[in-house]
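Next up, upload_2.cif (mmCIF, C-alpha atoms):
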```cif
data_run
#
loop_
_atom_site.label_atom_id
_atom_site.label_comp_id
_atom_site.auth_asym_id
_atom_site.auth_seq_id
_atom_site.Cartn_x
_atom_site.Cartn_y
_atom_site.Cartn_z
CA MET A 1 83.75 51.37 -44.02
CA GLU A 2 81.68 49.38 -46.48
CA LEU A 3 78.17 50.68 -47.19
CA GLY A 4 76.94 47.92 -49.49
CA PHE A 5 74.09 47.19 -47.04
CA LEU A 6 72.50 50.43 -48.28
CA LYS A 7 71.85 49.04 -51.76
CA PRO A 8 68.14 48.26 -51.07
CA LEU A 9 67.64 52.03 -50.82
CA PHE A 10 68.63 52.52 -54.44
CA ASP A 11 66.24 50.03 -56.00
CA ARG A 12 63.26 52.38 -55.91
CA LEU A 13 62.55 56.04 -56.53
CA GLY A 14 61.81 58.50 -53.74
CA PRO A 15 60.77 60.57 -52.05
CA TRP A 16 62.25 59.09 -48.88
CA ALA A 17 61.69 59.60 -45.20
CA SER A 18 65.06 59.47 -43.43
CA VAL A 19 65.03 59.39 -39.63
CA TYR A 20 67.89 59.54 -37.11
CA ILE A 21 66.82 59.09 -33.50
CA ASP A 22 68.51 58.62 -30.13
CA THR A 23 67.22 55.42 -28.51
CA THR A 24 69.30 55.35 -25.33
CA ARG A 25 67.35 54.58 -22.15
CA ALA A 26 69.90 55.42 -19.46
CA THR A 27 67.79 57.93 -17.53
CA GLU A 28 64.84 57.49 -15.16
CA ASP A 29 62.50 59.32 -17.52
CA ALA A 30 63.73 57.38 -20.59
CA ALA A 31 60.23 56.34 -21.67
CA LYS A 32 58.99 59.92 -21.53
CA GLN A 33 62.03 61.20 -23.45
CA GLN A 34 61.51 58.55 -26.11
CA LYS A 35 57.91 59.62 -26.63
CA LEU A 36 59.04 63.23 -27.03
CA ARG A 37 61.63 62.18 -29.62
CA GLU A 38 59.03 60.21 -31.55
CA ARG A 39 56.66 63.18 -31.56
CA SER A 40 59.49 65.38 -32.84
CA VAL A 41 60.13 62.91 -35.67
CA ALA A 42 56.44 62.84 -36.63
CA SER A 43 56.22 66.62 -36.58
CA GLN A 44 59.32 67.02 -38.75
CA LEU A 45 58.07 64.53 -41.34
CA ILE A 46 54.64 66.15 -41.56
CA ASP A 47 56.16 69.62 -41.88
CA ALA A 48 58.48 68.33 -44.64
CA GLY A 49 55.50 67.05 -46.64
CA ALA A 50 55.81 63.30 -46.08
CA ASP A 51 52.73 61.28 -47.00
CA PRO A 52 50.66 59.98 -44.04
CA TYR A 53 51.16 56.31 -44.92
CA THR A 54 54.95 56.52 -44.82
CA CYS A 55 54.75 58.58 -41.60
CA ARG A 56 52.61 55.88 -40.04
CA ALA A 57 55.06 53.13 -41.09
CA VAL A 58 57.91 55.02 -39.42
CA MET A 59 55.99 55.69 -36.22
CA ASP A 60 54.80 52.07 -35.99
CA ARG A 61 58.40 50.89 -36.25
CA LEU A 62 59.59 53.33 -33.57
CA ALA A 63 56.74 52.32 -31.26
CA HIS A 64 58.13 48.77 -31.15
CA GLU A 65 61.58 49.82 -29.92
CA PRO A 66 62.50 47.33 -27.13
CA ALA A 67 62.71 48.68 -23.58
CA SER A 68 66.06 46.94 -23.06
CA GLY A 69 68.93 46.00 -25.31
CA ALA A 70 68.30 48.90 -27.67
CA PRO A 71 71.25 50.38 -29.58
CA PRO A 72 72.33 53.98 -28.82
CA GLY A 73 70.46 55.16 -31.89
CA ARG A 74 68.67 54.09 -35.04
CA ALA A 75 68.40 55.26 -38.61
CA LEU A 76 65.21 54.45 -40.52
CA PHE A 77 64.63 54.87 -44.24
CA ALA A 78 61.07 54.59 -45.52
CA ALA A 79 59.28 55.08 -48.83
CA GLY A 80 55.89 54.08 -50.19
CA ALA A 81 54.43 53.33 -46.75
CA GLU A 82 57.24 50.86 -45.97
CA VAL A 83 60.34 50.99 -43.77
CA VAL A 84 62.92 49.64 -46.19
CA LEU A 85 65.96 49.76 -43.91
CA ASP A 86 66.37 50.00 -40.13
CA VAL A 87 70.00 50.51 -39.10
CA PRO A 88 71.24 50.31 -35.47
CA LEU A 89 73.76 53.06 -34.73
CA SER A 90 76.90 52.87 -32.61
CA VAL A 91 76.71 56.56 -31.69
CA PRO A 92 73.47 58.38 -30.82
CA PRO A 93 72.65 61.37 -33.02
CA VAL A 94 72.98 64.75 -31.32
CA SER A 95 69.27 65.34 -31.88
CA SER A 96 66.42 63.59 -33.62
CA GLU A 97 66.31 64.42 -37.31
CA ALA A 98 63.71 63.54 -39.93
CA THR A 99 63.81 64.59 -43.58
CA TRP A 100 61.73 64.03 -46.72
CA SER A 101 63.75 64.11 -49.92
CA TYR A 102 64.17 62.55 -53.36
CA LEU A 103 67.28 60.66 -52.17
CA PRO A 104 67.52 58.96 -48.78
CA HIS A 105 69.57 61.21 -46.50
CA ILE A 106 72.44 58.80 -45.80
CA ALA A 107 75.20 61.38 -45.24
CA PRO A 108 75.12 61.23 -41.39
CA LEU A 109 75.64 57.45 -41.34
CA PRO A 110 79.46 57.26 -41.54
CA GLY A 111 79.79 59.36 -38.41
CA LEU A 112 77.15 57.38 -36.48
CA LEU A 113 78.04 53.80 -37.39
CA GLY A 114 81.51 53.87 -35.86
CA ASP A 115 84.65 53.20 -37.87
CA GLU A 116 85.76 49.99 -36.14
CA PRO A 117 86.07 47.29 -38.80
CA PRO A 118 84.08 44.06 -38.47
CA CYS A 119 86.35 41.26 -37.33
CA LEU A 120 86.32 37.49 -37.20
CA VAL A 121 87.51 36.05 -33.87
CA ALA A 122 88.77 32.47 -33.53
CA TYR A 123 89.00 30.89 -30.06
CA ILE A 124 91.54 28.10 -30.54
CA ASP A 125 92.56 25.09 -28.48
CA ARG A 126 94.05 21.70 -29.32
CA THR A 127 90.66 20.22 -30.18
CA GLY A 128 89.46 22.91 -32.61
CA ALA A 129 88.10 26.44 -32.65
CA ASP A 130 84.93 28.46 -32.14
CA MET A 131 84.48 31.45 -34.45
CA GLU A 132 82.44 34.60 -33.97
CA LEU A 133 81.88 37.72 -36.02
CA ARG A 134 82.00 41.09 -34.30
CA ASP A 135 80.74 44.28 -35.89
CA ALA A 136 79.92 47.69 -34.43
CA GLN A 137 76.64 46.48 -32.92
CA ARG A 138 76.98 42.86 -31.84
CA SER A 139 78.83 39.57 -31.77
CA ARG A 140 77.46 36.32 -33.16
CA ALA A 141 78.75 32.78 -33.52
CA VAL A 142 79.40 31.83 -37.15
CA ALA A 143 81.21 28.47 -37.18
CA THR A 144 83.01 25.75 -35.28
CA ALA A 145 86.03 23.78 -36.50
CA ASP A 146 86.39 20.37 -34.89
CA GLY A 147 89.89 18.95 -35.08
CA LYS A 148 90.97 15.36 -35.38
CA GLU A 149 90.37 13.53 -32.13
CA TRP A 150 93.44 12.08 -30.41
CA ARG A 151 93.01 9.65 -27.58
CA GLY A 152 95.91 9.99 -25.18
CA ARG A 153 97.16 7.44 -22.66
CA GLY A 154 95.21 8.94 -19.76
CA HIS A 155 96.98 8.52 -16.42
CA ARG A 156 99.32 5.80 -17.65
CA SER A 157 102.99 6.68 -17.88
CA ILE A 158 104.46 7.27 -21.29
CA PRO A 159 107.06 4.70 -22.38
CA THR A 160 110.58 5.96 -22.87
CA ASP A 161 112.95 5.98 -25.85
CA ARG A 162 111.42 5.23 -29.25
CA TYR A 163 107.95 4.59 -27.86
CA GLU A 164 107.94 8.00 -26.23
CA TRP A 165 109.09 9.59 -29.50
CA HIS A 166 106.37 7.74 -31.42
CA TYR A 167 103.70 8.89 -28.96
CA ARG A 168 104.79 12.51 -29.07
CA ASN A 169 105.07 12.46 -32.83
CA LYS A 170 101.54 11.07 -33.09
CA VAL A 171 100.23 13.90 -30.86
CA GLU A 172 102.11 16.48 -32.93
CA ASN A 173 100.77 15.12 -36.21
CA THR A 174 97.24 15.17 -34.82
CA TRP A 175 97.59 18.81 -33.76
CA ASN A 176 99.03 19.75 -37.16
CA GLU A 177 95.97 18.22 -38.82
CA THR A 178 93.73 20.15 -36.44
CA ALA A 179 95.55 23.41 -37.25
CA ASP A 180 95.01 22.66 -40.95
CA ILE A 181 91.29 22.16 -40.33
CA ILE A 182 90.98 25.43 -38.38
CA ALA A 183 92.89 27.46 -40.97
CA GLY A 184 90.84 25.92 -43.76
CA GLU A 185 87.56 26.79 -42.04
CA LEU A 186 88.72 30.36 -41.42
CA ALA A 187 89.65 30.72 -45.08
CA ARG A 188 86.23 29.36 -46.05
CA GLN A 189 84.35 31.72 -43.71
CA TRP A 190 86.40 34.81 -44.57
CA PRO A 191 84.84 35.91 -47.91
CA GLU A 192 81.24 35.60 -46.70
CA SER A 193 81.84 37.13 -43.27
CA GLY A 194 82.57 40.65 -44.51
CA ALA A 195 85.28 40.89 -41.86
CA GLN A 196 88.26 43.15 -42.40
CA MET A 197 90.33 41.76 -39.52
CA LEU A 198 90.99 38.33 -38.04
CA VAL A 199 91.79 37.84 -34.35
CA LEU A 200 93.34 34.57 -33.18
CA THR A 201 93.25 33.83 -29.48
CA GLY A 202 94.27 30.84 -27.37
CA ASP A 203 97.63 29.27 -26.49
CA SER A 204 100.50 31.04 -28.30
CA ARG A 205 101.84 27.86 -29.93
CA GLU A 206 98.41 26.88 -31.23
CA ARG A 207 97.68 30.41 -32.48
CA ARG A 208 100.97 30.52 -34.37
CA ALA A 209 100.38 27.13 -35.99
CA VAL A 210 97.02 28.31 -37.36
CA TYR A 211 98.44 31.70 -38.41
CA ASN A 212 101.19 30.03 -40.46
CA ARG A 213 98.61 28.02 -42.38
CA LEU A 214 96.38 30.95 -43.38
CA PRO A 215 96.39 32.39 -46.92
CA GLU A 216 98.75 35.34 -47.23
CA GLN A 217 95.99 37.92 -47.80
CA ILE A 218 94.30 36.91 -44.52
CA ARG A 219 97.59 36.82 -42.57
CA ALA A 220 98.13 40.44 -43.58
CA VAL A 221 95.09 41.52 -41.51
CA THR A 222 95.47 39.03 -38.64
CA VAL A 223 96.37 39.87 -35.06
CA GLU A 224 96.97 37.53 -32.14
CA ALA A 225 95.44 38.15 -28.70
CA GLU A 226 96.66 36.54 -25.50
CA ASN A 227 93.66 36.84 -23.20
CA GLY A 228 91.02 34.66 -24.82
CA SER A 229 89.94 31.14 -24.02
CA ARG A 230 87.58 28.64 -25.61
CA SER A 231 86.54 27.34 -22.18
CA PRO A 232 82.86 27.91 -21.32
CA GLY A 233 82.38 30.75 -18.87
CA ALA A 234 85.87 32.18 -19.37
CA SER A 235 86.10 35.94 -18.81
CA ARG A 236 86.52 37.96 -21.98
CA ARG A 237 87.00 41.41 -20.47
CA LEU A 238 90.72 41.68 -21.26
CA LEU A 239 90.21 40.12 -24.67
CA ASP A 240 87.47 42.64 -25.46
CA GLN A 241 89.87 45.45 -24.58
CA GLN A 242 92.58 43.99 -26.81
CA ILE A 243 90.19 43.57 -29.73
CA ALA A 244 88.82 47.11 -29.33
CA GLN A 245 92.36 48.49 -29.36
CA ALA A 246 93.33 46.42 -32.41
CA ARG A 247 90.22 47.54 -34.32
CA GLU A 248 90.90 51.19 -33.47
CA GLN A 249 94.51 50.88 -34.64
CA TYR A 250 93.41 49.20 -37.86
CA ALA A 251 90.86 51.94 -38.60
CA HIS A 252 93.42 54.69 -37.93
CA ALA A 253 96.02 53.01 -40.14
CA ARG A 254 93.46 52.52 -42.92
CA VAL A 255 92.60 56.24 -42.99
CA GLU A 256 96.28 57.23 -42.89
CA GLU A 257 97.08 54.90 -45.77
CA ALA A 258 94.20 56.25 -47.86
CA LEU A 259 95.14 59.87 -47.14
CA ASN A 260 98.75 59.19 -48.15
CA ARG A 261 97.58 57.68 -51.44
CA PHE A 262 95.20 60.60 -51.94
CA ARG A 263 97.92 63.20 -51.35
CA ALA A 264 100.41 61.40 -53.57
CA GLY A 265 97.97 61.02 -56.47
CA ARG A 266 96.06 64.27 -56.18
CA ARG A 267 96.82 65.56 -59.68
CA HIS A 268 98.97 65.28 -62.75
CA PRO A 269 100.13 68.90 -63.17
CA GLY A 270 99.31 70.38 -66.55
CA SER A 271 96.75 67.79 -67.61
CA HIS A 272 93.88 69.25 -69.63
CA GLY A 273 90.19 68.51 -69.47
CA GLU A 274 86.89 70.16 -70.27
CA ARG A 275 87.36 72.54 -67.36
CA GLY A 276 90.81 73.66 -68.54
CA VAL A 277 94.38 73.19 -67.34
CA ASP A 278 94.99 70.75 -64.50
CA SER A 279 91.38 69.57 -64.47
CA ILE A 280 91.87 65.85 -65.10
CA PRO A 281 92.59 63.96 -61.87
CA GLY A 282 95.50 61.57 -61.69
CA ASP A 283 95.17 58.83 -59.10
CA ALA A 284 92.97 61.00 -56.89
CA ALA A 285 90.12 63.50 -57.17
CA GLU A 286 89.48 66.46 -54.88
CA GLY A 287 86.39 68.59 -54.43
CA VAL A 288 82.78 67.91 -55.36
CA PRO A 289 83.06 68.51 -59.15
CA ALA A 290 86.07 66.20 -59.56
CA VAL A 291 84.64 63.48 -57.32
CA VAL A 292 81.28 63.69 -59.13
CA ASP A 293 83.08 63.12 -62.44
CA ALA A 294 84.93 60.13 -60.97
CA ALA A 295 81.74 58.67 -59.49
CA ARG A 296 79.95 58.96 -62.81
CA SER A 297 82.68 56.89 -64.50
CA HIS A 298 82.87 54.33 -61.63
CA GLN A 299 86.46 55.32 -60.81
CA VAL A 300 86.05 55.87 -57.07
CA GLY A 301 87.85 53.19 -55.08
CA THR A 302 87.90 55.00 -51.74
CA LEU A 303 85.70 57.99 -50.92
CA LEU A 304 87.16 60.33 -48.30
CA VAL A 305 84.64 62.44 -46.39
CA GLY A 306 85.61 65.18 -43.95
CA GLN A 307 83.88 65.72 -40.62
CA ASP A 308 81.11 68.28 -41.20
CA ALA A 309 82.16 68.57 -44.86
CA PRO A 310 81.44 72.20 -45.85
CA ASP A 311 80.35 71.20 -49.37
CA GLY A 312 78.11 68.37 -48.20
CA GLY A 313 74.92 70.36 -48.62
CA ARG A 314 75.88 71.67 -52.04
CA ASP A 315 73.29 70.98 -54.76
CA VAL A 316 74.01 68.44 -57.47
CA TRP A 317 71.66 67.02 -60.10
CA ILE A 318 70.78 63.35 -60.26
CA GLY A 319 68.71 60.81 -62.13
CA PRO A 320 67.36 57.43 -61.00
CA GLY A 321 70.61 55.65 -61.90
CA VAL A 322 73.26 55.54 -59.18
CA ASP A 323 75.87 56.89 -61.61
CA GLN A 324 73.60 59.66 -62.92
CA VAL A 325 75.05 62.59 -61.02
CA ALA A 326 76.26 65.98 -62.28
CA VAL A 327 77.10 69.39 -60.88
CA GLN A 328 74.92 71.15 -63.45
CA ARG A 329 71.38 70.42 -64.61
CA GLY A 330 72.39 70.56 -68.28
CA GLN A 331 75.05 67.92 -67.70
CA ALA A 332 72.48 65.57 -66.23
CA GLN A 333 70.18 66.14 -69.19
CA ALA A 334 73.07 65.46 -71.58
CA MET A 335 73.46 62.08 -69.80
CA GLY A 336 69.89 61.19 -70.76
CA VAL A 337 68.13 62.17 -67.52
CA SER A 338 64.82 63.65 -68.70
CA LYS A 339 63.86 65.18 -65.35
CA PRO A 340 66.96 65.82 -63.23
CA GLN A 341 66.34 66.19 -59.50
CA ARG A 342 68.23 68.31 -57.00
CA ALA A 343 70.04 66.41 -54.26
CA ARG A 344 72.66 67.02 -51.62
CA ALA A 345 76.19 66.32 -52.83
CA ASP A 346 76.99 64.14 -49.80
CA ASP A 347 73.92 61.92 -50.28
CA ALA A 348 74.51 61.57 -54.02
CA LEU A 349 78.21 60.72 -53.66
CA LEU A 350 77.59 58.21 -50.88
CA ARG A 351 74.88 56.59 -53.02
CA SER A 352 77.33 56.19 -55.90
CA ALA A 353 80.08 54.89 -53.59
CA ALA A 354 77.84 52.35 -51.87
CA ALA A 355 76.40 51.09 -55.17
CA ALA A 356 79.91 50.66 -56.61
CA ASP A 357 81.20 48.84 -53.49
CA ALA A 358 83.69 51.62 -52.87
CA GLU A 359 85.19 52.06 -49.42
CA VAL A 360 84.06 55.14 -47.49
CA LEU A 361 86.41 56.63 -44.89
CA LEU A 362 85.71 59.49 -42.52
CA VAL A 363 88.64 61.88 -42.08
CA PRO A 364 89.05 62.54 -38.33
CA GLU A 365 88.74 66.01 -36.89
CA GLY A 366 92.03 67.89 -36.85
CA VAL A 367 93.44 65.92 -39.79
CA GLN A 368 94.10 67.72 -43.06
CA GLY A 369 91.59 66.29 -45.52
CA PRO A 370 90.42 67.10 -49.04
CA ALA A 371 89.16 70.57 -49.96
CA GLY A 372 85.45 71.02 -49.34
CA GLY A 373 85.37 67.75 -47.41
CA PHE A 374 85.31 65.38 -50.40
CA GLY A 375 88.10 63.46 -52.08
CA ALA A 376 88.62 60.08 -53.69
CA VAL A 377 91.38 57.61 -54.35
CA LEU A 378 90.67 56.34 -57.84
CA ARG A 379 90.65 52.82 -59.19
CA TRP A 380 92.47 54.04 -62.29
CA SER A 381 93.74 57.36 -63.62
CA GLY A 382 91.68 59.66 -65.83
#
```

Could you render the structure from this file as structure tokens?
Amino acid sequence: MELGFLKPLFDRLGPWASVYIDTTRATEDAAKQQKLRERSVASQLIDAGADPYTCRAVMDRLAHEPASGAPPGRALFAAGAEVVLDVPLSVPPVSSEATWSYLPHIAPLPGLLGDEPPCLVAYIDRTGADMELRDAQRSRAVATADGKEWRGRGHRSIPTDRYEWHYRNKVENTWNETADIIAGELARQWPESGAQMLVLTGDSRERRAVYNRLPEQIRAVTVEAENGSRSPGASRRLLDQQIAQAREQYAHARVEEALNRFRAGRRHPGSHGERGVDSIPGDAAEGVPAVVDAARSHQVGTLLVGQDAPDGGRDVWIGPGVDQVAVQRGQAQAMGVSKPQRARADDALLRSAAAADAEVLLVPEGVQGPAGGFGAVLRWSG
């Protein structure tokens, strides 16, 4: 999971109002329930000491929640009388929660956004391809690749012998050029899309021709689906099921791969650091103190977070800089932070990970994860 979209939250100092609210409207008394949730949010913010202007900005935003088409939940982050970020959630929060703190309370997000990777889907036929981007919340068209037009012979019979060969060869060459165009457009769209997977759907021969022309790094995360069509009005129910399954498998494999790297690189036995023997991480860091050290030096490549991490609410000390985080107040002062602020470890570590474009992965329940609920695969060894 990439959390780079949170960066606007780190451009200004707090305090922050952070709100998580269920916005489902599946019951007959949905409107009444929504009003009760909004009142609960307002009450929690007032009790926490939020200023009235920021409270009003939050309540105004919630009051404009659409009656239909709403996501299961929303997360709002507001400061200085302005809602800075409004995030649709894939999973509704168990209960409405509103906090007022120096850092935005972003720790619940990984468990509420869903772990299915965003994917680029290409609907391919012999004339070109339509491309859409799917993330946890929605699908949207992003591009169309129009292939080279080939005018066939219509209803007329195809001449035999060398004329037939010439005709078929011309058709084949035209399709090859079209496959080149589609693969080129996919390669062009890929970096900007933010997708982690590519799905090719359409006729098997046409899918394979495009697949073979893709850059190697994109082919490595490409799957082919059999049940999609570019035709207008075509049913996509089976395709949606295939894509959902492929995204789930990708997410599971990604966590397994990261956990294997974490376990293999946990420590270099006998290495010495300021905390004594075996205190310098190798290719991985485990526990809040070690991960804090890695975050401060921009070493975190993948942050692993356990479900209901027991050390998530542990106090750390931070400054305004995203890498100004320490387990002790004196350490933060030694880094040049004149007035260190207390913060939750989970919020501070997620802030550092998001700002450094590190990947964040949630360890599933029942899977052995890092001690205390926090670990990291490092970009380089200490």

Contacts of range 12-21 of chain A at 6 Å or less, counting all atoms listed in the file, minus same-chain residues fewer than 5 places along, as a list in words? Gly73, Arg74, Ala75, Leu76, Phe77, Ala78, Ala79, Ser96, Glu97, Ala98, Thr99, Trp100, Ser101, Tyr102, Pro104 and His105 of chain A

Choose the residue, out of A:Met335, A:Val288, A:Val360, A:Ala220, that has the smallest atom-to-atom separation from Ala309 in chain A; count all atoms listed in the file.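 Among A:Met335, A:Val288, A:Val360, A:Ala220, it is A:Val288 that comes nearest to Ala309 in chain A.
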
What would the selection look like, as a compact mmCIF listing (two decimals) with C-alpha atoms, in the coordinates of the input, if the PyMOL selection byres ((chain A and resi 251-266) around 9) were run on the coordinates I just shared?
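Just written: result-v1.txt:
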```txt
# COMPACT_ATOMS: atom_id res chain seq x y z
CA MET A 1 83.75 51.37 -44.02
CA ASP A 115 84.65 53.20 -37.87
CA GLU A 116 85.76 49.99 -36.14
CA PRO A 117 86.07 47.29 -38.80
CA ALA A 246 93.33 46.42 -32.41
CA ARG A 247 90.22 47.54 -34.32
CA GLU A 248 90.90 51.19 -33.47
CA GLN A 249 94.51 50.88 -34.64
CA TYR A 250 93.41 49.20 -37.86
CA ARG A 267 96.82 65.56 -59.68
CA HIS A 268 98.97 65.28 -62.75
CA PRO A 281 92.59 63.96 -61.87
CA GLY A 282 95.50 61.57 -61.69
CA ASP A 283 95.17 58.83 -59.10
CA ALA A 284 92.97 61.00 -56.89
CA ALA A 285 90.12 63.50 -57.17
CA GLU A 286 89.48 66.46 -54.88
CA THR A 302 87.90 55.00 -51.74
CA LEU A 304 87.16 60.33 -48.30
CA LEU A 361 86.41 56.63 -44.89
CA LEU A 362 85.71 59.49 -42.52
CA VAL A 363 88.64 61.88 -42.08
CA PRO A 364 89.05 62.54 -38.33
CA GLN A 368 94.10 67.72 -43.06
CA GLY A 369 91.59 66.29 -45.52
CA PRO A 370 90.42 67.10 -49.04
CA GLY A 375 88.10 63.46 -52.08
CA ALA A 376 88.62 60.08 -53.69
CA VAL A 377 91.38 57.61 -54.35
CA LEU A 378 90.67 56.34 -57.84
```

Evaluate the PyMOL selection byres ((chain A and resi 327-333) around 12) against this structure - the residues, as a VMD selection string, please. chain A and resid 287 to 293 295 to 296 314 to 321 323 to 326 334 to 345 348 to 349

Neighbour list for range 191-202 of chain A as a PyMOL selection string, cut-off 8 Å, all atoms listed in the file, skip fewer than 2 positions in-chain: chain A and resi 117-125+133+187-189+204+206-207+211+218+221-230+243+247

Take the residues that were just selected and, keeping C-alpha atoms, output them as a compact mmCIF listing (two decimals), keeping the file's coordinate frame.
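What landed in again.txt:
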```txt
# COMPACT_ATOMS: atom_id res chain seq x y z
CA PRO A 117 86.07 47.29 -38.80
CA PRO A 118 84.08 44.06 -38.47
CA CYS A 119 86.35 41.26 -37.33
CA LEU A 120 86.32 37.49 -37.20
CA VAL A 121 87.51 36.05 -33.87
CA ALA A 122 88.77 32.47 -33.53
CA TYR A 123 89.00 30.89 -30.06
CA ILE A 124 91.54 28.10 -30.54
CA ASP A 125 92.56 25.09 -28.48
CA LEU A 133 81.88 37.72 -36.02
CA ALA A 187 89.65 30.72 -45.08
CA ARG A 188 86.23 29.36 -46.05
CA GLN A 189 84.35 31.72 -43.71
CA SER A 204 100.50 31.04 -28.30
CA GLU A 206 98.41 26.88 -31.23
CA ARG A 207 97.68 30.41 -32.48
CA TYR A 211 98.44 31.70 -38.41
CA ILE A 218 94.30 36.91 -44.52
CA VAL A 221 95.09 41.52 -41.51
CA THR A 222 95.47 39.03 -38.64
CA VAL A 223 96.37 39.87 -35.06
CA GLU A 224 96.97 37.53 -32.14
CA ALA A 225 95.44 38.15 -28.70
CA GLU A 226 96.66 36.54 -25.50
CA ASN A 227 93.66 36.84 -23.20
CA GLY A 228 91.02 34.66 -24.82
CA SER A 229 89.94 31.14 -24.02
CA ARG A 230 87.58 28.64 -25.61
CA ILE A 243 90.19 43.57 -29.73
CA ARG A 247 90.22 47.54 -34.32
```
